[in-house]
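Q: Can you keep this structure in mind? I'll have questions shortly.
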Amino acid sequence: MAVWIQAQQLQGDALHQMQSLYGQHFPIEVRHYLSQWIEGQLWDAVDLENPQEEFKAKRLLDSLIQELQNKAEHQVGEDGFLLRIKLGHYASQLKSTYDRCPLELVRCIKHILYTEQRLVREATNSSSPVGGMMDSMSQKYQQINQAFEELRLMTQDTENDLRKLQHNQEYFIIQYQESLRIQAQLTSLATLPPADRQLREPALLSKRNTVEAWLTREANTLQKYRLDLAEKHQKTLQLLRKQQTIILDDELIQWKRRQQLAGNGGPPEGGLDILQSWCEKLAETIWQNRQQIRRAEHLRQQLPIPGPIEELLNELNSTITDIISALVTSTFIIEKQPPQVLKTQTKFAATVRLLVGGKLNVHMNPPQVKATIISEQQAKALLKNENTRNESSGEILNNNCVMEYHQTTGTLSAHFRNMSLKRIKRSDRRGAESVTEEKFTILFESQFSVGGNELVFQVKTLSLPVVVIVHGSQDNNATATVLWDNAFAEPGRVPFLVPDKVLWPQLCDAINLKYKAEVQSNRGLSEENLVFLAQKAFSNSSNNPDDYRNMTMTWSQFNRESLPGRNFTFWQWFDGVMELTKKHLKPHWNDGAILGFVNKQQAQDMLMSKPNGTFLLRFSDSEIGGITIAWVAENPNKRMVWNLMPYTTKDFSIRSLADRISDLNHLLFLYPDRPKDEVFSKYYTPPLCKQPSVCTGCLTLCWTRTETSTWMTPWMWRGITSGAANSPDP
């Protein structure tokens with residue numbers, strides 16, 4: 001079903017959010033009448049960060065205007081006449097708005113479509129069993145919105161009270177001036193003859209006493225109004241603090257945690273639109289209350305009345321300043337993290353965003369953001385507010401960027417597109433720690449003012465930890481460090497402490513997430529696969545998953561200590577499997593053709609009961625990033641399980657797995673009993689001219705080439721372990 005059809009069924013707050021997407025920048029009528037055309041365009045094919053893509057955006061803009069004009073021309077009748085004029089006006093308006101900046105149109109429509117899809121998805125997920133679309137917000141979101149409504153009403157109430165106080169105080173001042181005038185008249189009576197003074201003085205004295213009595217009563221009333229208003233502001237600030245804690249310490253922290261897990265292959269952290277709307281509501285409410293408190297202070301200064309109000313207002317002003325400071329500094333976030341494995345002399349990108357920048361008009365004087373790489377120790381000192389003397393641990397090129405405001409989406413962000421780490425300064429390592437275990441972070445910092453330089457903020461935010469490498473061979477060990485940190489970091493930790501050991505099921509969750517993401521497959525690691533990995537990790541032969549549930553694995557076991565009898569670690573072996581599968585075996589893994597996580601003895605036990613020619617594919621125990629074929633065949637003396645030498649990326653860059661299996665006529669059935677052509681034929685390379693042949697004696701595939709066929713890629717089938725399954729493990 002078209003998104004627009006579903007979007008029109010939204011209710012409540014979701015409908016309000018959807019409607020707020022539209023305005024003069026993009027009228028909702030255009031979305032309605034061109035819904036099918038809009039949803040059929042490839043908006044995501046336009047790279048908004050690449051100015052060279054502007055021609056694509058211009059083509060989309062021209063097509064949109066043409067579609068609007070065509071739609072307008074086809075309108076007939078009385079109603080059609082008005083609609084024709086309106087659509088023609090919208091076509092001219094959009095051309096005028098976006099003709100010089102067509103990329104902004106694409107940004108606007110992508111934002112609209114993404115938000116509509118999210119709102120529809122959330123509403124669909126929350127539908128009741130009896131059907132019908134319910135409000136898209138979860139109960140927690142509803143509570144947040146209810147709190148905002150309560151804050152709005154409280155702020156409106158204090159605004160009304162403040163106006164009433166101001167009105168009463170203005171009248172009080174008028175009466176006070178009247179009392180001064182009466183006193184001046186009484187003073188002037190001294191110059192009159194006694195008879196005239198006696199005639200006029202009693203009335204003036206009576207009038208003065210009446211006014212002074214009223215002033216005394218009204219002064220007490222004003223003081224009470226001031227105290228009541230201050231008490232209401234205290235309650236408002238308490239709710240503001242509570243609401244801000246929920247949004248910043250719960251929702252925003254959860255978003256950051258999802259962002260961190262996404263680095264391990266978890267689901268995307270999701271957009272920031274809802275969070276930004278909440279933060280903007282907070283900023284608006286805080287600023288309104290701050291202005292009210294300042295006006296109350298101005299009224300107090302205008303008419304000082306002895307009492308505790310001065311201290312109360314100072315306390316309120318201090319509290320509201322702390323609240324807005326916490327909001328601004330916490331909403332300066334990294335929307336797109338830099339790569340966590342960072343290679344020197346290589347271009348990388350990152351994006352930082354201020355969630356309240358638009359609402360506080362920070363973009364009116366666009367701030368500049370600076371990026372610096374610092375060490376783990378420097379990060380610790382920074383969070384302790386210790387003076388680090390602006391030290392860095394390396395030099396980043398193109399590390400300054402001005403924040404830009406995108407009016408269509410209301411976002412204020414800085415896009416670092418061409419940063420490059422020129423050099424890195426490493427610290428002294430501890431014990432067995434290698435360079436690929438040393439963590440750094442990118443520090444983003446800026447300074448800006450709000451309220452016409454009324455408040456100046458210095459903001460800083462740290463990226464997720466990064467591991468710096470200088471050569472591609474260090475990538476797998478660096479990835480292990482990042483994986484462990486992303487998976488097991490605790491909120492609010494001291495940079496960048498992680499537990500030295502974790503429960504095996506926790507590690508299983510992490511590597512399963514990583515495996516599915518790297519291989520880009522919905523087929524993750526099964527319980528049998530995880531048991532195999534546990535046997536390898538702990539040198540244990542148990543096949544019972546429960547035996548491993550309470551076992552812990554240390555970082556050293558994960559990627560410092562070599563596996564027994566091998567010259568590589570557990571992670572290095574597993575990473576090799578992922579790389580091989582990602583590059584060459586993905587379709588076969590997704591088809592279930594590769595068992596993979598099976599040891600040599602298990603392969604023999606599985607195959608010996610099957611017909612000759614039955615084979616399976618398993619990852620090599622002896623070679624990183626290798627896969628071997630085990631098959632059962634008749635020997636002159638007895639049936640045996642044979643194992644081919646492992647194939648690696650180098651082999652598959654010459655000839656694919658499917659073609660190699662096709663070449664071996666002795667391989668007949670994929671375990672347990674599927675004919676091999678049924679499984680692999682769709683991946684065979686169509687024959688060009690000459691067909692390969694298999695030598696029946698040694699099963700070594702040979703390729704015969706003539707001098708005239710040198711255009712063909714030479715290749716040779718890997719050898720076979722000539723022996724039973726208990727021969728040296730391939």
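Naming works like this for the structure tokens: A, B, ... for the chains as they're shown, residue 1 at the start of each chain, ligands 1 onward in shown order.
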Enumerate, as JSON, numbers by chain, the complete set of residues in segment 516-609 of chain A that a backbone-based DSSP assignment places in helix (DSSP H, G or I).

A: {"A": [516, 517, 518, 519, 527, 528, 529, 530, 531, 532, 533, 534, 535, 536, 537, 538, 545, 546, 547, 548, 555, 556, 557, 558, 559, 570, 571, 572, 573, 574, 575, 576, 577, 578, 579, 580, 581, 582, 583, 584, 585, 586, 587, 588, 589, 590, 600, 601, 602, 603, 604, 605, 606, 607]}

Q: Include N, CA and C atoms and write out the residues we just selected as a compact mmCIF listing (two decimals), in the first residue's frame.

A:
```txt
# COMPACT_ATOMS: atom_id res chain seq x y z
N LYS A 516 26.19 -11.73 11.22
CA LYS A 516 25.06 -11.46 10.32
C LYS A 516 25.26 -10.16 9.56
N ALA A 517 25.82 -9.16 10.25
CA ALA A 517 26.04 -7.87 9.60
C ALA A 517 27.13 -7.96 8.53
N GLU A 518 28.23 -8.62 8.85
CA GLU A 518 29.34 -8.72 7.91
C GLU A 518 28.96 -9.55 6.68
N VAL A 519 28.27 -10.66 6.93
CA VAL A 519 27.89 -11.54 5.83
C VAL A 519 26.64 -11.02 5.12
N GLU A 527 22.47 -22.64 17.34
CA GLU A 527 22.96 -23.13 18.63
C GLU A 527 24.08 -24.14 18.42
N GLU A 528 23.95 -24.98 17.36
CA GLU A 528 25.02 -25.95 17.06
C GLU A 528 26.32 -25.23 16.68
N ASN A 529 26.19 -24.15 15.90
CA ASN A 529 27.38 -23.37 15.53
C ASN A 529 28.07 -22.80 16.76
N LEU A 530 27.26 -22.28 17.69
CA LEU A 530 27.81 -21.66 18.90
C LEU A 530 28.45 -22.71 19.81
N VAL A 531 27.90 -23.92 19.83
CA VAL A 531 28.53 -25.00 20.60
C VAL A 531 29.89 -25.32 19.99
N PHE A 532 29.95 -25.38 18.66
CA PHE A 532 31.23 -25.63 18.00
C PHE A 532 32.25 -24.56 18.39
N LEU A 533 31.82 -23.29 18.38
CA LEU A 533 32.73 -22.20 18.73
C LEU A 533 33.16 -22.29 20.19
N ALA A 534 32.23 -22.70 21.07
CA ALA A 534 32.59 -22.86 22.48
C ALA A 534 33.63 -23.97 22.65
N GLN A 535 33.45 -25.06 21.91
CA GLN A 535 34.43 -26.15 21.97
C GLN A 535 35.81 -25.65 21.54
N LYS A 536 35.83 -24.82 20.51
CA LYS A 536 37.10 -24.30 20.02
C LYS A 536 37.70 -23.32 21.03
N ALA A 537 36.85 -22.44 21.58
CA ALA A 537 37.33 -21.40 22.49
C ALA A 537 37.85 -21.97 23.80
N PHE A 538 37.16 -22.98 24.33
CA PHE A 538 37.49 -23.51 25.66
C PHE A 538 38.20 -24.86 25.61
N PRO A 545 24.85 -27.36 25.15
CA PRO A 545 24.95 -25.90 25.26
C PRO A 545 24.92 -25.41 26.71
N ASP A 546 24.19 -26.11 27.56
CA ASP A 546 24.06 -25.67 28.96
C ASP A 546 25.40 -25.69 29.69
N ASP A 547 26.32 -26.51 29.23
CA ASP A 547 27.62 -26.60 29.90
C ASP A 547 28.43 -25.31 29.74
N TYR A 548 28.05 -24.48 28.78
CA TYR A 548 28.83 -23.27 28.51
C TYR A 548 28.16 -21.98 29.00
N TRP A 555 39.39 -11.44 27.69
CA TRP A 555 39.90 -10.77 26.50
C TRP A 555 41.13 -11.50 25.96
N SER A 556 41.96 -11.99 26.87
CA SER A 556 43.16 -12.71 26.42
C SER A 556 42.79 -13.96 25.64
N GLN A 557 41.79 -14.70 26.11
CA GLN A 557 41.34 -15.88 25.37
C GLN A 557 40.75 -15.50 24.03
N PHE A 558 40.14 -14.32 23.98
CA PHE A 558 39.46 -13.89 22.77
C PHE A 558 40.45 -13.49 21.68
N ASN A 559 41.45 -12.68 22.06
CA ASN A 559 42.34 -12.21 20.99
C ASN A 559 43.76 -11.88 21.44
N PHE A 570 41.41 -17.07 18.76
CA PHE A 570 40.01 -17.41 18.48
C PHE A 570 39.40 -16.38 17.55
N TRP A 571 39.58 -15.09 17.85
CA TRP A 571 38.98 -14.06 17.02
C TRP A 571 39.56 -14.06 15.62
N GLN A 572 40.88 -14.22 15.49
CA GLN A 572 41.50 -14.21 14.17
C GLN A 572 40.93 -15.31 13.29
N TRP A 573 40.67 -16.48 13.90
CA TRP A 573 40.07 -17.58 13.14
C TRP A 573 38.65 -17.21 12.73
N PHE A 574 37.86 -16.70 13.68
CA PHE A 574 36.46 -16.36 13.40
C PHE A 574 36.36 -15.23 12.38
N ASP A 575 37.23 -14.24 12.51
CA ASP A 575 37.22 -13.12 11.57
C ASP A 575 37.57 -13.61 10.16
N GLY A 576 38.48 -14.58 10.06
CA GLY A 576 38.82 -15.14 8.77
C GLY A 576 37.63 -15.83 8.11
N VAL A 577 36.84 -16.52 8.94
CA VAL A 577 35.62 -17.17 8.44
C VAL A 577 34.65 -16.12 7.90
N MET A 578 34.47 -15.04 8.66
CA MET A 578 33.55 -13.97 8.22
C MET A 578 34.00 -13.37 6.91
N GLU A 579 35.28 -13.05 6.81
CA GLU A 579 35.79 -12.42 5.60
C GLU A 579 35.61 -13.32 4.38
N LEU A 580 35.93 -14.59 4.54
CA LEU A 580 35.79 -15.54 3.43
C LEU A 580 34.33 -15.66 3.01
N THR A 581 33.44 -15.77 3.98
CA THR A 581 32.02 -15.92 3.67
C THR A 581 31.48 -14.66 3.02
N LYS A 582 31.87 -13.50 3.55
CA LYS A 582 31.38 -12.23 3.01
C LYS A 582 31.80 -12.05 1.56
N LYS A 583 33.04 -12.40 1.25
CA LYS A 583 33.57 -12.12 -0.08
C LYS A 583 33.18 -13.18 -1.12
N HIS A 584 33.09 -14.45 -0.71
CA HIS A 584 32.96 -15.52 -1.72
C HIS A 584 31.86 -16.53 -1.46
N LEU A 585 31.34 -16.61 -0.24
CA LEU A 585 30.44 -17.73 0.08
C LEU A 585 29.05 -17.29 0.51
N LYS A 586 28.75 -16.00 0.43
CA LYS A 586 27.49 -15.48 0.96
C LYS A 586 26.26 -16.21 0.42
N PRO A 587 26.12 -16.37 -0.91
CA PRO A 587 24.90 -17.04 -1.40
C PRO A 587 24.78 -18.47 -0.92
N HIS A 588 25.91 -19.16 -0.80
CA HIS A 588 25.87 -20.56 -0.36
C HIS A 588 25.54 -20.65 1.13
N TRP A 589 26.04 -19.66 1.92
CA TRP A 589 25.68 -19.65 3.34
C TRP A 589 24.19 -19.37 3.50
N ASN A 590 23.68 -18.42 2.73
CA ASN A 590 22.26 -18.08 2.82
C ASN A 590 21.37 -19.24 2.38
N LYS A 600 36.55 -31.96 12.18
CA LYS A 600 36.88 -33.09 11.31
C LYS A 600 36.21 -34.39 11.75
N GLN A 601 36.21 -34.64 13.05
CA GLN A 601 35.61 -35.87 13.55
C GLN A 601 34.10 -35.87 13.35
N GLN A 602 33.48 -34.71 13.59
CA GLN A 602 32.04 -34.61 13.36
C GLN A 602 31.71 -34.87 11.89
N ALA A 603 32.52 -34.33 10.99
CA ALA A 603 32.29 -34.53 9.56
C ALA A 603 32.36 -36.02 9.22
N GLN A 604 33.35 -36.71 9.80
CA GLN A 604 33.47 -38.15 9.53
C GLN A 604 32.25 -38.91 10.04
N ASP A 605 31.81 -38.59 11.25
CA ASP A 605 30.65 -39.28 11.83
C ASP A 605 29.40 -39.03 11.00
N MET A 606 29.25 -37.82 10.47
CA MET A 606 28.06 -37.48 9.70
C MET A 606 28.06 -38.15 8.33
N LEU A 607 29.24 -38.30 7.72
CA LEU A 607 29.32 -38.78 6.34
C LEU A 607 29.37 -40.31 6.22
```

Q: Leaving out segment 308-319 of chain A and any residue of its chain fewer than 2 positions from it, which residues lie within 12 Å of it when counting only C-alpha atoms, given as a PyMOL selection string?

A: chain A and resi 222-238+240-241+286-287+289-301+303-306+321-326

Q: Select from segment 250-381 of chain A everything DSSP, run on the backbone, classes as strand (DSSP E or B), then give the selection as a ChimeraX atom specification.

A: /A:332-336,341-343,347-354,368-375

Q: Report, in Å to a single decimal, how far apart atom CA of Ile594 of chain A and atom CA of Leu670 of chain A are.

A: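 Taking atom CA of Leu670 of chain A as the start and atom CA of Ile594 of chain A as the end point, the length is 9.3 Å.
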
Q: Residues of segment 295-341 of chain A within 12 Å of segment 255-270 of chain A: nearest atom pair and distance (Å, one decimal) for each, counting only C-alpha atoms, sorted by chain and number, as a tab-separated table?

A:
```
residue	atom	partner	partner_atom	distance
A:Ser330	CA	A:Lys256	CA	11.6
A:Thr331	CA	A:Lys256	CA	11.4
A:Ile333	CA	A:Lys256	CA	9.0
A:Ile334	CA	A:Lys256	CA	9.0
A:Glu335	CA	A:Gln259	CA	8.8
A:Lys336	CA	A:Gln259	CA	8.9
A:Gln337	CA	A:Gln259	CA	8.5
A:Pro338	CA	A:Gly263	CA	10.5
A:Pro339	CA	A:Gly263	CA	8.9
A:Gln340	CA	A:Gly263	CA	8.1
A:Val341	CA	A:Gly263	CA	10.6
```

Q: Just the residues within 7 Å of Gly394 of chain A, please, counting only C-alpha atoms, with nothing from its chain fewer than 6 positions along; format it as number ranges by chain.

A: A: 373, 423-425

Q: I'd like to know which of A:Gln506, A:Thr115, A:Gln156, A:Gln458 is closest to Phe488 of chain A, using only C-alpha atoms.

A: A:Gln506

Q: With only C-alpha atoms as the basis for distance, which of A:Gln254, A:Ser420, A:Asn543, A:Ser375 is at the shortest distance from Pro491 of chain A?

A: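 Looking only at the distances to Pro491 of chain A, the closest residue turns out to be A:Gln254.
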